[in-house]
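Chemist: Have a look at this one.
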Amino acid sequence: MYGAPPSAEVSAPAASMAPAPTPAATPEPEPVSRYAAVELTEEDAYTLACLVYHEARGEPFEGQAAVVEVVFNRCLSDAFPDTVEEVVFQKYGDVWQFSPAPYLYTAEPSEVQYSAVMYAYNAEEPVVTPETVFFSTEPYNEHITAIIGNHYFCEIGG
């Protein structure tokens with residue numbers, strides 16, 4: 001006899017040799033708009049479309065969306081009211097914050113203005129910074145965040 005007989009026992013492979021379980025695919029989180037906290041009713045969308053009609057209808061689409069973002073940024077700022085309606089119709093003394101506010105009813109917004117409202121509301125990558133709360137055809141102050149078409153967009157600064 002030449003040595004011991006082979007063992008009939010078969011050992012299980014080492015745990016480290018077993019294939020690792022495949023992790024379940026983790027779904028990507030849904031992107032959240034910067035403006036998810038702003039309530040946007042159908043009436044608000046109409047008000048904003050009318051505002052864009054009067055303030056920026058001749059401007060590039062990006063500029064029209066930026067006008068809407070200014071309103072949303074104000075809604076989220078502690079320095080301004082909390083709702084679209086209150087922001088759009090806010091007065092400082094006898095001066096409207098948005099000059100067309102008293103005659104928005106004369107607007108005839110098109111699909112472009114409504115699209116600008118919804119684009120701004122749902123944008124994953126907004127056009128202007130969250131601090132941008134002013135726009136005008138001339139710089140409101142030296143804190144310019146964007147120039148789009150004929151509008152300067154500014155933050156409060158200070």
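In the structure tokens, the first chain shown is A, the next is B, and so on; residue numbers restart at 1 for each chain, and ligands run from 1 in the order shown.
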Excluding region 31-44 of chain A and any residue of its chain fewer than 6 positions from it, enumerate the residues within 7 Å of it, using only C-alpha atoms, and give them as a list in words.

Modeler: Phe72, Cys75, Val84, Glu85, Tyr121, Asn122, Ala123 and Glu124 of chain A

Chemist: Find the residues around Ala56 (chain A) up to 9 Å (only C-alpha atoms counted), leave out those fewer than 6 positions away in its own chain, and share them as a list in words.

Modeler: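 In the requested form, the answer reads Gly63, Gln64, Val67, Gln113, Asn150 and His151 of chain A.
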
Chemist: Now that the selection is made, can you save its residues with all heavy atoms as a compact mmCIF listing (two decimals), in the first residue's frame?

Modeler:
# COMPACT_ATOMS: atom_id res chain seq x y z
N GLY A 63 -34.51 84.48 -20.62
CA GLY A 63 -34.81 85.71 -19.87
C GLY A 63 -36.23 85.70 -19.33
O GLY A 63 -36.48 86.21 -18.22
N GLN A 64 -37.17 85.14 -20.08
CA GLN A 64 -38.55 85.05 -19.59
C GLN A 64 -38.61 84.11 -18.38
O GLN A 64 -39.26 84.41 -17.38
CB GLN A 64 -39.47 84.56 -20.70
CG GLN A 64 -39.61 85.59 -21.82
CD GLN A 64 -40.59 85.18 -22.89
OE1 GLN A 64 -41.68 84.72 -22.60
NE2 GLN A 64 -40.21 85.37 -24.16
N VAL A 67 -37.23 85.83 -15.24
CA VAL A 67 -38.20 86.73 -14.60
C VAL A 67 -39.06 85.94 -13.62
O VAL A 67 -39.30 86.37 -12.49
CB VAL A 67 -39.06 87.46 -15.67
CG1 VAL A 67 -40.28 88.11 -15.03
CG2 VAL A 67 -38.23 88.48 -16.43
N GLN A 113 -45.05 82.10 -22.77
CA GLN A 113 -45.01 82.61 -21.41
C GLN A 113 -45.39 81.51 -20.39
O GLN A 113 -44.75 81.38 -19.35
CB GLN A 113 -45.91 83.83 -21.22
CG GLN A 113 -45.32 85.11 -21.79
CD GLN A 113 -45.54 85.24 -23.29
OE1 GLN A 113 -46.63 85.06 -23.81
NE2 GLN A 113 -44.47 85.56 -24.01
N ASN A 150 -32.19 92.23 -22.71
CA ASN A 150 -32.11 93.61 -22.25
C ASN A 150 -32.30 93.75 -20.75
O ASN A 150 -32.54 94.86 -20.26
CB ASN A 150 -33.17 94.45 -22.97
CG ASN A 150 -32.88 94.57 -24.44
OD1 ASN A 150 -31.76 94.88 -24.84
ND2 ASN A 150 -33.86 94.28 -25.28
N HIS A 151 -32.22 92.64 -20.01
CA HIS A 151 -32.44 92.71 -18.57
C HIS A 151 -31.17 92.38 -17.78
O HIS A 151 -30.42 91.49 -18.13
CB HIS A 151 -33.54 91.72 -18.14
CG HIS A 151 -34.91 92.18 -18.44
ND1 HIS A 151 -35.84 91.39 -19.05
CD2 HIS A 151 -35.52 93.36 -18.24
CE1 HIS A 151 -36.97 92.06 -19.18
NE2 HIS A 151 -36.80 93.27 -18.71

Chemist: Could the residues of region 26-105 of chain A that have an atom at most 9 Å from region 134-141 of chain A be listed as a tab-separated table, each with its closest atom pair and the distance in Å to one decimal, counting only C-alpha atoms and ordered by chain and ascending residue number?

Modeler:
residue	atom	partner	partner_atom	distance
A:Ala66	CA	A:Phe135	CA	8.9
A:Val67	CA	A:Phe135	CA	7.3
A:Val70	CA	A:Phe134	CA	6.4
A:Val71	CA	A:Phe134	CA	8.7
A:Arg74	CA	A:Phe134	CA	8.9

Chemist: What residues in region 6-152 of chain A get the DSSP label strand (DSSP E or B)? Please answer as a PyMOL selection string.

Modeler: chain A and resi 91-92+95-96+132-136+144-148+151-152

Chemist: Would you give me, as an NGL selection string, the residues in region 29-76 of chain A that DSSP reads as helix (DSSP H, G or I)?

Modeler: :A and (42-56 or 61-76)

Chemist: Write the residues of the preceding selection, restricted to N, CA, C and O atoms, as a tab-separated table (two decimals), in the first residue's frame.

Modeler:
chain	number	residue	atom	x	y	z
A	42	GLU	N	-52.94	77.15	-10.45
A	42	GLU	CA	-53.23	77.55	-11.84
A	42	GLU	C	-53.35	79.06	-11.94
A	42	GLU	O	-52.91	79.67	-12.91
A	43	GLU	N	-53.96	79.68	-10.92
A	43	GLU	CA	-54.09	81.14	-10.91
A	43	GLU	C	-52.71	81.80	-10.83
A	43	GLU	O	-52.45	82.80	-11.51
A	44	ASP	N	-51.82	81.23	-10.02
A	44	ASP	CA	-50.46	81.76	-9.93
A	44	ASP	C	-49.74	81.64	-11.27
A	44	ASP	O	-49.04	82.57	-11.69
A	45	ALA	N	-49.91	80.49	-11.94
A	45	ALA	CA	-49.26	80.30	-13.25
A	45	ALA	C	-49.77	81.34	-14.24
A	45	ALA	O	-48.99	81.90	-15.02
A	46	TYR	N	-51.07	81.62	-14.20
A	46	TYR	CA	-51.64	82.65	-15.07
A	46	TYR	C	-51.06	84.03	-14.73
A	46	TYR	O	-50.66	84.79	-15.62
A	47	THR	N	-51.02	84.35	-13.44
A	47	THR	CA	-50.46	85.65	-13.01
A	47	THR	C	-49.02	85.79	-13.48
A	47	THR	O	-48.63	86.85	-14.01
A	48	LEU	N	-48.23	84.73	-13.33
A	48	LEU	CA	-46.83	84.79	-13.76
A	48	LEU	C	-46.71	84.90	-15.28
A	48	LEU	O	-45.87	85.64	-15.78
A	49	ALA	N	-47.54	84.17	-16.02
A	49	ALA	CA	-47.52	84.27	-17.48
A	49	ALA	C	-47.86	85.69	-17.92
A	49	ALA	O	-47.24	86.24	-18.85
A	50	CYS	N	-48.82	86.32	-17.23
A	50	CYS	CA	-49.17	87.72	-17.54
A	50	CYS	C	-48.02	88.65	-17.20
A	50	CYS	O	-47.72	89.59	-17.96
A	51	LEU	N	-47.36	88.40	-16.08
A	51	LEU	CA	-46.21	89.23	-15.69
A	51	LEU	C	-45.10	89.10	-16.74
A	51	LEU	O	-44.54	90.12	-17.18
A	52	VAL	N	-44.81	87.89	-17.16
A	52	VAL	CA	-43.77	87.67	-18.17
A	52	VAL	C	-44.17	88.33	-19.49
A	52	VAL	O	-43.34	88.93	-20.16
A	53	TYR	N	-45.45	88.25	-19.84
A	53	TYR	CA	-45.94	88.90	-21.05
A	53	TYR	C	-45.58	90.39	-21.04
A	53	TYR	O	-45.07	90.93	-22.02
A	54	HIS	N	-45.87	91.05	-19.92
A	54	HIS	CA	-45.62	92.50	-19.84
A	54	HIS	C	-44.14	92.83	-19.63
A	54	HIS	O	-43.66	93.84	-20.17
A	55	GLU	N	-43.44	92.02	-18.88
A	55	GLU	CA	-42.05	92.34	-18.53
A	55	GLU	C	-41.03	91.86	-19.55
A	55	GLU	O	-39.98	92.47	-19.69
A	56	ALA	N	-41.32	90.73	-20.23
A	56	ALA	CA	-40.23	90.12	-21.00
A	56	ALA	C	-40.65	89.40	-22.27
A	56	ALA	O	-39.88	88.60	-22.79
A	61	PHE	N	-36.17	83.26	-24.40
A	61	PHE	CA	-36.90	82.36	-23.50
A	61	PHE	C	-36.21	82.28	-22.14
A	61	PHE	O	-36.86	82.31	-21.10
A	62	GLU	N	-34.90	82.17	-22.15
A	62	GLU	CA	-34.13	82.09	-20.90
A	62	GLU	C	-34.41	83.32	-20.02
A	62	GLU	O	-34.54	83.19	-18.81
A	63	GLY	N	-34.51	84.48	-20.62
A	63	GLY	CA	-34.81	85.71	-19.87
A	63	GLY	C	-36.23	85.70	-19.33
A	63	GLY	O	-36.48	86.21	-18.22
A	64	GLN	N	-37.17	85.14	-20.08
A	64	GLN	CA	-38.55	85.05	-19.59
A	64	GLN	C	-38.61	84.11	-18.38
A	64	GLN	O	-39.26	84.41	-17.38
A	65	ALA	N	-37.90	82.99	-18.45
A	65	ALA	CA	-37.86	82.06	-17.31
A	65	ALA	C	-37.17	82.71	-16.12
A	65	ALA	O	-37.60	82.52	-14.97
A	66	ALA	N	-36.14	83.50	-16.35
A	66	ALA	CA	-35.42	84.17	-15.26
A	66	ALA	C	-36.33	85.16	-14.53
A	66	ALA	O	-36.23	85.31	-13.31
A	67	VAL	N	-37.23	85.83	-15.24
A	67	VAL	CA	-38.20	86.73	-14.60
A	67	VAL	C	-39.06	85.94	-13.62
A	67	VAL	O	-39.30	86.37	-12.49
A	68	VAL	N	-39.50	84.77	-14.03
A	68	VAL	CA	-40.30	83.92	-13.15
A	68	VAL	C	-39.46	83.49	-11.94
A	68	VAL	O	-39.93	83.49	-10.80
A	69	GLU	N	-38.22	83.13	-12.19
A	69	GLU	CA	-37.34	82.71	-11.10
A	69	GLU	C	-37.16	83.82	-10.06
A	69	GLU	O	-37.07	83.55	-8.87
A	70	VAL	N	-37.11	85.07	-10.51
A	70	VAL	CA	-37.00	86.18	-9.57
A	70	VAL	C	-38.19	86.16	-8.61
A	70	VAL	O	-38.03	86.32	-7.40
A	71	VAL	N	-39.39	85.94	-9.14
A	71	VAL	CA	-40.58	85.88	-8.28
A	71	VAL	C	-40.45	84.70	-7.30
A	71	VAL	O	-40.67	84.85	-6.10
A	72	PHE	N	-40.07	83.54	-7.80
A	72	PHE	CA	-39.91	82.37	-6.93
A	72	PHE	C	-38.82	82.60	-5.88
A	72	PHE	O	-38.99	82.22	-4.71
A	73	ASN	N	-37.71	83.21	-6.29
A	73	ASN	CA	-36.64	83.50	-5.33
A	73	ASN	C	-37.14	84.43	-4.22
A	73	ASN	O	-36.78	84.26	-3.06
A	74	ARG	N	-37.97	85.39	-4.60
A	74	ARG	CA	-38.55	86.27	-3.58
A	74	ARG	C	-39.47	85.48	-2.64
A	74	ARG	O	-39.46	85.73	-1.43
A	75	CYS	N	-40.25	84.56	-3.18
A	75	CYS	CA	-41.14	83.74	-2.33
A	75	CYS	C	-40.33	82.97	-1.29
A	75	CYS	O	-40.82	82.75	-0.17
A	76	LEU	N	-39.12	82.56	-1.64
A	76	LEU	CA	-38.29	81.77	-0.74
A	76	LEU	C	-37.40	82.62	0.16
A	76	LEU	O	-36.79	82.11	1.09

Chemist: Quick one, how far is CA of Glu59 (chain A) from CA of Asp94 (chain A)?

Modeler: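 So the answer is 27.8 Å.
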
Chemist: Which is closer to Ser115 (chain A) than all the others in A:Thr145, A:Gln97, A:Phe80, A:Arg57, using only C-alpha atoms?

Modeler: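 Nearest candidate to Ser115 (chain A) out of A:Thr145, A:Gln97, A:Phe80, A:Arg57: A:Arg57.
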
Chemist: Using only C-alpha atoms, which of A:Ala116, A:Ser99, A:Glu86, A:Ser77 sits nearest Thr132 (chain A)?

Modeler: A:Ser77

Chemist: Point out the residue among A:Val112, A:Met118, A:Leu104, A:Val128 with the least atom-to-atom distance to Ile144 (chain A), counting only C-alpha atoms.

Modeler: A:Val128

Chemist: Would you compute the distance between CA of Phe98 (chain A) and CA of His143 (chain A)? Give it in Å to one decimal.

Modeler: 19.2 Å

Chemist: For CA of Val133 (chain A) and CA of Pro109 (chain A), quote the distance in Å rounded to one decimal.

Modeler: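 Pair CA of Val133 (chain A) / CA of Pro109 (chain A) returns 22.5 Å.
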